[in-house]
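Participant: File model-v6.txt below, compact mmCIF, N, CA and C atoms and all ligand atoms:
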```
# COMPACT_ATOMS: atom_id res chain seq x y z
N MET A 1 -57.06 -3.65 88.67
CA MET A 1 -56.47 -3.75 90.02
C MET A 1 -57.40 -3.08 91.03
N SER A 2 -57.71 -3.80 92.10
CA SER A 2 -58.58 -3.25 93.13
C SER A 2 -57.83 -3.16 94.44
N GLN A 3 -58.29 -2.23 95.25
CA GLN A 3 -57.71 -2.08 96.58
C GLN A 3 -58.71 -2.61 97.61
N TYR A 4 -58.21 -3.43 98.53
CA TYR A 4 -59.07 -3.99 99.56
C TYR A 4 -58.52 -3.62 100.93
N ALA A 5 -59.44 -3.21 101.81
CA ALA A 5 -59.07 -2.91 103.19
C ALA A 5 -59.20 -4.18 104.01
N GLY A 6 -58.18 -4.45 104.84
CA GLY A 6 -58.20 -5.63 105.68
C GLY A 6 -58.14 -5.26 107.15
N SER A 7 -58.76 -6.10 107.98
CA SER A 7 -58.76 -5.84 109.41
C SER A 7 -58.96 -7.15 110.16
N CYS A 8 -58.36 -7.21 111.35
CA CYS A 8 -58.70 -8.30 112.27
C CYS A 8 -60.07 -8.01 112.86
N HIS A 9 -60.48 -8.73 113.89
CA HIS A 9 -61.81 -8.50 114.47
C HIS A 9 -61.86 -7.22 115.30
N CYS A 10 -60.82 -6.98 116.10
CA CYS A 10 -60.87 -5.84 117.04
C CYS A 10 -60.41 -4.53 116.41
N GLY A 11 -59.73 -4.59 115.27
CA GLY A 11 -59.29 -3.37 114.60
C GLY A 11 -57.88 -2.92 114.98
N ASP A 12 -57.20 -3.67 115.83
CA ASP A 12 -55.81 -3.31 116.15
C ASP A 12 -54.89 -3.53 114.96
N VAL A 13 -55.28 -4.44 114.06
CA VAL A 13 -54.47 -4.73 112.87
C VAL A 13 -55.26 -4.31 111.63
N LEU A 14 -54.71 -3.31 110.92
CA LEU A 14 -55.33 -2.82 109.69
C LEU A 14 -54.31 -2.89 108.57
N PHE A 15 -54.78 -3.30 107.39
CA PHE A 15 -53.86 -3.38 106.26
C PHE A 15 -54.63 -3.17 104.96
N GLU A 16 -53.88 -3.00 103.87
CA GLU A 16 -54.47 -2.84 102.55
C GLU A 16 -53.73 -3.73 101.58
N ILE A 17 -54.46 -4.27 100.61
CA ILE A 17 -53.80 -4.98 99.52
C ILE A 17 -54.33 -4.45 98.18
N ASN A 18 -53.47 -4.51 97.18
CA ASN A 18 -53.84 -4.16 95.81
C ASN A 18 -53.71 -5.42 94.97
N THR A 19 -54.80 -5.84 94.39
CA THR A 19 -54.75 -7.09 93.63
C THR A 19 -55.92 -7.19 92.66
N THR A 20 -55.73 -8.01 91.66
CA THR A 20 -56.83 -8.43 90.80
C THR A 20 -57.05 -9.90 91.10
N PRO A 21 -58.04 -10.22 91.90
CA PRO A 21 -58.19 -11.61 92.36
C PRO A 21 -58.52 -12.55 91.20
N THR A 22 -57.72 -13.61 91.06
CA THR A 22 -58.03 -14.61 90.06
C THR A 22 -58.37 -15.96 90.69
N GLU A 23 -57.84 -16.17 91.91
CA GLU A 23 -58.19 -17.39 92.63
C GLU A 23 -57.97 -17.18 94.12
N ILE A 24 -58.71 -17.95 94.90
CA ILE A 24 -58.44 -18.05 96.32
C ILE A 24 -58.09 -19.51 96.60
N THR A 25 -57.44 -19.74 97.72
CA THR A 25 -56.98 -21.11 97.98
C THR A 25 -57.32 -21.55 99.40
N THR A 26 -57.49 -22.84 99.53
CA THR A 26 -57.49 -23.47 100.84
C THR A 26 -56.25 -24.37 100.88
N CYS A 27 -55.93 -24.91 102.04
CA CYS A 27 -54.75 -25.74 102.18
C CYS A 27 -55.06 -26.81 103.20
N ASP A 28 -54.53 -28.02 102.95
CA ASP A 28 -54.87 -29.13 103.84
C ASP A 28 -53.78 -29.42 104.88
N CYS A 29 -52.86 -28.48 105.09
CA CYS A 29 -51.87 -28.71 106.16
C CYS A 29 -52.59 -28.59 107.51
N SER A 30 -51.93 -29.07 108.55
CA SER A 30 -52.60 -29.14 109.84
C SER A 30 -52.93 -27.77 110.40
N LEU A 31 -52.12 -26.75 110.08
CA LEU A 31 -52.37 -25.40 110.60
C LEU A 31 -53.53 -24.74 109.86
N CYS A 32 -53.50 -24.78 108.53
CA CYS A 32 -54.58 -24.16 107.75
C CYS A 32 -55.92 -24.84 108.02
N LYS A 33 -55.89 -26.15 108.21
CA LYS A 33 -57.13 -26.88 108.49
C LYS A 33 -57.77 -26.39 109.78
N ILE A 34 -56.94 -26.22 110.80
CA ILE A 34 -57.49 -25.86 112.11
C ILE A 34 -57.93 -24.39 112.13
N LYS A 35 -57.30 -23.58 111.24
CA LYS A 35 -57.72 -22.17 111.12
C LYS A 35 -58.90 -22.02 110.17
N ASN A 36 -59.18 -23.07 109.40
CA ASN A 36 -60.19 -23.00 108.35
C ASN A 36 -59.85 -21.86 107.38
N ALA A 37 -58.58 -21.77 107.02
CA ALA A 37 -58.07 -20.61 106.28
C ALA A 37 -58.48 -20.65 104.81
N VAL A 38 -58.96 -19.50 104.33
CA VAL A 38 -59.20 -19.27 102.91
C VAL A 38 -58.37 -18.03 102.55
N MET A 39 -57.50 -18.19 101.55
CA MET A 39 -56.46 -17.19 101.36
C MET A 39 -56.37 -16.69 99.92
N ILE A 40 -55.79 -15.49 99.80
CA ILE A 40 -55.40 -14.98 98.49
C ILE A 40 -53.94 -14.57 98.61
N LYS A 41 -53.20 -14.79 97.52
CA LYS A 41 -51.76 -14.52 97.53
C LYS A 41 -51.48 -13.16 96.90
N VAL A 42 -50.65 -12.35 97.57
CA VAL A 42 -50.22 -11.08 96.98
C VAL A 42 -48.71 -10.91 97.19
N HIS A 43 -48.07 -10.21 96.24
CA HIS A 43 -46.65 -9.89 96.41
C HIS A 43 -46.51 -8.87 97.53
N GLU A 44 -45.36 -8.87 98.20
CA GLU A 44 -45.18 -7.97 99.35
C GLU A 44 -45.31 -6.49 98.97
N THR A 45 -45.04 -6.16 97.70
CA THR A 45 -45.18 -4.76 97.28
C THR A 45 -46.65 -4.35 97.14
N ALA A 46 -47.54 -5.33 97.14
CA ALA A 46 -48.98 -5.05 97.02
C ALA A 46 -49.65 -5.04 98.39
N PHE A 47 -48.83 -5.13 99.43
CA PHE A 47 -49.35 -5.23 100.79
C PHE A 47 -48.84 -4.05 101.63
N THR A 48 -49.74 -3.40 102.35
CA THR A 48 -49.34 -2.33 103.26
C THR A 48 -49.97 -2.55 104.62
N LEU A 49 -49.12 -2.69 105.63
CA LEU A 49 -49.63 -2.76 107.00
C LEU A 49 -49.76 -1.33 107.52
N GLN A 50 -50.96 -0.97 107.96
CA GLN A 50 -51.21 0.42 108.37
C GLN A 50 -51.07 0.62 109.87
N THR A 51 -51.04 -0.47 110.60
CA THR A 51 -50.85 -0.38 112.05
C THR A 51 -49.48 -0.98 112.38
N SER A 52 -49.13 -1.00 113.65
CA SER A 52 -47.78 -1.41 114.04
C SER A 52 -47.63 -2.93 114.03
N TRP A 53 -46.43 -3.38 113.64
CA TRP A 53 -46.14 -4.81 113.72
C TRP A 53 -46.23 -5.30 115.16
N ASP A 54 -46.10 -4.37 116.13
CA ASP A 54 -46.19 -4.73 117.55
C ASP A 54 -47.55 -5.32 117.92
N LYS A 55 -48.57 -5.04 117.11
CA LYS A 55 -49.91 -5.54 117.41
C LYS A 55 -50.09 -7.00 117.01
N LEU A 56 -49.08 -7.52 116.29
CA LEU A 56 -49.19 -8.88 115.78
C LEU A 56 -48.33 -9.84 116.58
N SER A 57 -48.80 -11.05 116.70
CA SER A 57 -48.00 -12.14 117.24
C SER A 57 -47.59 -13.03 116.08
N LEU A 58 -46.49 -13.72 116.26
CA LEU A 58 -45.92 -14.55 115.20
C LEU A 58 -45.89 -16.00 115.65
N TYR A 59 -46.37 -16.89 114.78
CA TYR A 59 -46.29 -18.32 115.04
C TYR A 59 -45.49 -18.98 113.93
N GLN A 60 -44.52 -19.78 114.31
CA GLN A 60 -43.75 -20.54 113.32
C GLN A 60 -43.69 -22.00 113.75
N TRP A 61 -43.67 -22.88 112.78
CA TRP A 61 -43.64 -24.32 113.08
C TRP A 61 -43.00 -25.03 111.89
N ASN A 62 -42.92 -26.32 111.96
CA ASN A 62 -42.45 -27.14 110.84
C ASN A 62 -41.06 -26.67 110.41
N THR A 63 -40.88 -26.13 109.20
CA THR A 63 -39.54 -25.71 108.77
C THR A 63 -39.14 -24.35 109.36
N GLN A 64 -40.05 -23.66 110.05
CA GLN A 64 -39.78 -22.35 110.66
C GLN A 64 -39.54 -21.26 109.62
N ILE A 65 -39.96 -21.49 108.39
CA ILE A 65 -39.71 -20.49 107.34
C ILE A 65 -40.92 -19.56 107.19
N ALA A 66 -42.09 -20.12 107.02
CA ALA A 66 -43.28 -19.28 106.90
C ALA A 66 -43.50 -18.54 108.21
N LYS A 67 -44.07 -17.32 108.09
CA LYS A 67 -44.35 -16.52 109.28
C LYS A 67 -45.86 -16.29 109.37
N HIS A 68 -46.47 -16.93 110.34
CA HIS A 68 -47.92 -16.87 110.50
C HIS A 68 -48.27 -15.82 111.55
N TYR A 69 -48.86 -14.72 111.08
CA TYR A 69 -49.18 -13.61 111.98
C TYR A 69 -50.63 -13.67 112.41
N PHE A 70 -50.88 -13.24 113.63
CA PHE A 70 -52.25 -13.10 114.11
C PHE A 70 -52.31 -11.95 115.11
N CYS A 71 -53.50 -11.36 115.26
CA CYS A 71 -53.67 -10.22 116.15
C CYS A 71 -53.42 -10.64 117.60
N SER A 72 -52.58 -9.88 118.29
CA SER A 72 -52.24 -10.20 119.67
C SER A 72 -53.43 -10.03 120.60
N ARG A 73 -54.39 -9.20 120.20
CA ARG A 73 -55.52 -8.91 121.07
C ARG A 73 -56.70 -9.84 120.81
N CYS A 74 -57.16 -9.93 119.55
CA CYS A 74 -58.37 -10.73 119.28
C CYS A 74 -58.05 -12.11 118.72
N GLY A 75 -56.80 -12.36 118.36
CA GLY A 75 -56.39 -13.70 117.98
C GLY A 75 -56.66 -14.09 116.54
N ILE A 76 -57.20 -13.17 115.76
CA ILE A 76 -57.56 -13.51 114.38
C ILE A 76 -56.33 -13.62 113.49
N TYR A 77 -56.28 -14.70 112.70
CA TYR A 77 -55.24 -14.85 111.68
C TYR A 77 -55.52 -13.85 110.57
N THR A 78 -54.56 -12.97 110.30
CA THR A 78 -54.75 -11.92 109.29
C THR A 78 -54.00 -12.23 108.00
N PHE A 79 -52.72 -12.63 108.13
CA PHE A 79 -51.91 -12.92 106.94
C PHE A 79 -50.66 -13.67 107.37
N HIS A 80 -49.97 -14.24 106.38
CA HIS A 80 -48.70 -14.90 106.68
C HIS A 80 -47.73 -14.71 105.52
N ARG A 81 -46.45 -14.72 105.84
CA ARG A 81 -45.43 -14.77 104.79
C ARG A 81 -45.26 -16.21 104.38
N LYS A 82 -45.29 -16.46 103.07
CA LYS A 82 -45.34 -17.83 102.59
C LYS A 82 -43.99 -18.52 102.65
N ARG A 83 -44.03 -19.81 102.83
CA ARG A 83 -42.81 -20.61 102.90
C ARG A 83 -42.16 -20.76 101.52
N ALA A 84 -42.94 -21.16 100.52
CA ALA A 84 -42.38 -21.42 99.19
C ALA A 84 -42.01 -20.12 98.47
N GLN A 85 -42.72 -19.04 98.78
CA GLN A 85 -42.46 -17.74 98.17
C GLN A 85 -42.44 -16.69 99.29
N PRO A 86 -41.30 -16.54 99.98
CA PRO A 86 -41.24 -15.64 101.15
C PRO A 86 -41.47 -14.17 100.83
N ASP A 87 -41.43 -13.80 99.53
CA ASP A 87 -41.74 -12.41 99.18
C ASP A 87 -43.23 -12.21 98.90
N HIS A 88 -44.01 -13.22 99.20
CA HIS A 88 -45.46 -13.12 99.05
C HIS A 88 -46.17 -13.33 100.39
N PHE A 89 -47.30 -12.66 100.51
CA PHE A 89 -48.16 -12.88 101.67
C PHE A 89 -49.38 -13.70 101.26
N GLY A 90 -49.80 -14.57 102.12
CA GLY A 90 -51.11 -15.18 102.02
C GLY A 90 -52.01 -14.39 102.95
N ILE A 91 -53.15 -13.95 102.43
CA ILE A 91 -54.04 -13.07 103.18
C ILE A 91 -55.33 -13.83 103.50
N ASN A 92 -55.81 -13.70 104.72
CA ASN A 92 -57.10 -14.28 105.11
C ASN A 92 -58.21 -13.48 104.45
N VAL A 93 -58.86 -14.06 103.44
CA VAL A 93 -59.86 -13.30 102.68
C VAL A 93 -61.04 -12.86 103.55
N HIS A 94 -61.27 -13.55 104.66
CA HIS A 94 -62.38 -13.17 105.53
C HIS A 94 -62.09 -11.87 106.28
N CYS A 95 -60.83 -11.43 106.26
CA CYS A 95 -60.47 -10.13 106.88
C CYS A 95 -60.71 -8.96 105.92
N LEU A 96 -60.98 -9.25 104.64
CA LEU A 96 -61.07 -8.19 103.64
C LEU A 96 -62.49 -7.67 103.51
N LYS A 97 -62.60 -6.35 103.49
CA LYS A 97 -63.90 -5.70 103.37
C LYS A 97 -64.32 -5.73 101.89
N ASP A 98 -65.59 -6.05 101.65
CA ASP A 98 -66.16 -6.03 100.30
C ASP A 98 -65.41 -6.92 99.31
N PHE A 99 -64.93 -8.05 99.79
CA PHE A 99 -64.25 -9.01 98.92
C PHE A 99 -65.25 -10.10 98.56
N ALA A 100 -65.54 -10.24 97.26
CA ALA A 100 -66.61 -11.13 96.81
C ALA A 100 -66.09 -12.57 96.70
N ILE A 101 -66.01 -13.24 97.84
CA ILE A 101 -65.44 -14.58 97.90
C ILE A 101 -66.16 -15.54 96.94
N ASP A 102 -67.47 -15.44 96.88
CA ASP A 102 -68.26 -16.40 96.11
C ASP A 102 -68.04 -16.28 94.60
N GLU A 103 -67.46 -15.16 94.15
CA GLU A 103 -67.30 -14.94 92.71
C GLU A 103 -65.92 -15.35 92.20
N ILE A 104 -65.07 -15.83 93.10
CA ILE A 104 -63.69 -16.15 92.72
C ILE A 104 -63.46 -17.64 92.88
N PRO A 105 -62.88 -18.29 91.86
CA PRO A 105 -62.65 -19.73 91.97
C PRO A 105 -61.72 -20.08 93.13
N CYS A 106 -62.03 -21.18 93.78
CA CYS A 106 -61.23 -21.61 94.93
C CYS A 106 -60.47 -22.88 94.56
N ARG A 107 -59.16 -22.86 94.82
CA ARG A 107 -58.31 -24.02 94.53
C ARG A 107 -57.83 -24.63 95.84
N GLU A 108 -57.95 -25.95 95.92
CA GLU A 108 -57.47 -26.65 97.12
C GLU A 108 -56.00 -26.99 96.93
N THR A 109 -55.13 -26.46 97.78
CA THR A 109 -53.71 -26.75 97.63
C THR A 109 -53.30 -27.83 98.63
N ASP A 110 -52.20 -28.47 98.28
CA ASP A 110 -51.71 -29.59 99.08
C ASP A 110 -50.58 -29.10 99.98
N GLY A 111 -50.91 -28.84 101.23
CA GLY A 111 -49.89 -28.42 102.18
C GLY A 111 -49.43 -29.56 103.06
N ALA A 112 -50.28 -30.56 103.20
CA ALA A 112 -49.97 -31.65 104.14
C ALA A 112 -48.70 -32.37 103.75
N THR A 113 -48.49 -32.60 102.45
CA THR A 113 -47.30 -33.33 102.04
C THR A 113 -46.03 -32.47 102.10
N MET A 114 -46.20 -31.14 102.30
CA MET A 114 -45.04 -30.28 102.48
C MET A 114 -44.53 -30.30 103.92
N SER A 115 -45.32 -30.87 104.81
CA SER A 115 -44.95 -30.87 106.22
C SER A 115 -43.84 -31.88 106.49
N LEU A 116 -42.88 -31.46 107.31
CA LEU A 116 -41.81 -32.37 107.70
C LEU A 116 -42.34 -33.44 108.63
N GLU A 117 -43.33 -33.02 109.43
CA GLU A 117 -43.95 -33.97 110.35
C GLU A 117 -45.44 -33.98 110.05
N PRO A 118 -45.83 -34.84 109.10
CA PRO A 118 -47.22 -34.83 108.62
C PRO A 118 -48.26 -35.04 109.71
N ASN A 119 -47.85 -35.64 110.80
CA ASN A 119 -48.84 -35.91 111.85
C ASN A 119 -49.03 -34.75 112.81
N LEU A 120 -48.21 -33.70 112.65
CA LEU A 120 -48.34 -32.54 113.53
C LEU A 120 -49.66 -31.86 113.35
ZN ZN A 201 -57.54 -7.81 116.64
```
Hey, can you dump this file as structure tokens for me?
Facilitator:
Amino acid sequence: MSQYAGSCHCGDVLFEINTTPTEITTCDCSLCKIKNAVMIKVHETAFTLQTSWDKLSLYQWNTQIAKHYFCSRCGIYTFHRKRAQPDHFGINVHCLKDFAIDEIPCRETDGATMSLEPNL
């Protein structure tokens, strides 16, 4: 188990995760595509937000279940609460310090067909 420090670009949002990375994922839904998101999944007990939730903005769409957070100041997507598993966070791996992205297998997930409005 490793601990990774996470941050947005400006540093208003700081967090930590504890995980043993086995895979990272991309997703072909319209939101992940436009964010170019590469993510790792962690249970909520493995996630600690060290700064205030007030620093984050929340975006919801489609079924309104997933909670997509981003820094209110610099706009960077940091993490989201997942729709299919609301007790898990998807974390933007590019926010993680010393995370060896190239050494972890990447799986392409199918988010587009989960959308209620696929053309959104
Ligand atoms: Zn920021």
Participant: So which residues are near ligand ZN 201 (chain A), meaning at most 6.5 Å away with only N, CA and C atoms and all ligand atoms counted, given back as a PyMOL selection string?
Facilitator: chain A and resi 8-13+71-76
Participant: Quick one: of A:Tyr4, A:Phe79, A:Tyr59, A:Phe89, who's nearest to A:Pro21, counting only C-alpha atoms?
Facilitator: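 For A:Pro21, the nearest of the candidates is A:Tyr4.
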Participant: Please determine, counting all atoms listed in the file, which residue among A:Ile40, A:Cys95, A:Cys29, A:Ala46 has the shortest atom-to-atom distance to A:Ser115.
Facilitator: A:Cys29
Participant: Could you tell me, as a ChimeraX atom specification, which residues have any atom at most 7 Å from (-48.6, -2.8, 101.8), counting all atoms listed in the file?
Facilitator: /A:15-18,44-50
Participant: Which distance in Å separates atom C of A:Leu56 and atom CA of A:His80, to one decimal?
Facilitator: 11.1 Å
Participant: What's the separation between atom CA of A:Lys97 and atom CA of A:Thr26, in Å to one decimal place?
Facilitator: 19.1 Å
Participant: Just so I have it separately, write stretch 72-87 of chain A from the block I sent, keeping C-alpha atoms, as a short mmCIF file (atom, residue, chain, number, x, y, z; two decimals), in the first residue's frame.
Facilitator:
```
data_model
loop_
_atom_site.label_atom_id
_atom_site.label_comp_id
_atom_site.auth_asym_id
_atom_site.auth_seq_id
_atom_site.Cartn_x
_atom_site.Cartn_y
_atom_site.Cartn_z
CA SER A 72 -13.02 26.60 -7.90
CA ARG A 73 -9.89 28.67 -8.50
CA CYS A 74 -7.79 26.89 -11.16
CA GLY A 75 -10.52 24.70 -12.65
CA ILE A 76 -8.62 21.43 -12.51
CA TYR A 77 -10.64 18.21 -12.21
CA THR A 78 -9.28 16.51 -9.09
CA PHE A 79 -11.67 13.65 -8.29
CA HIS A 80 -15.28 12.53 -8.48
CA ARG A 81 -17.66 10.31 -6.58
CA LYS A 82 -18.58 7.48 -8.89
CA ARG A 83 -22.06 6.81 -10.18
CA ALA A 84 -21.97 2.99 -10.16
CA GLN A 85 -20.09 2.86 -6.84
CA PRO A 86 -20.90 6.05 -4.87
CA ASP A 87 -18.64 4.95 -1.99
#
```
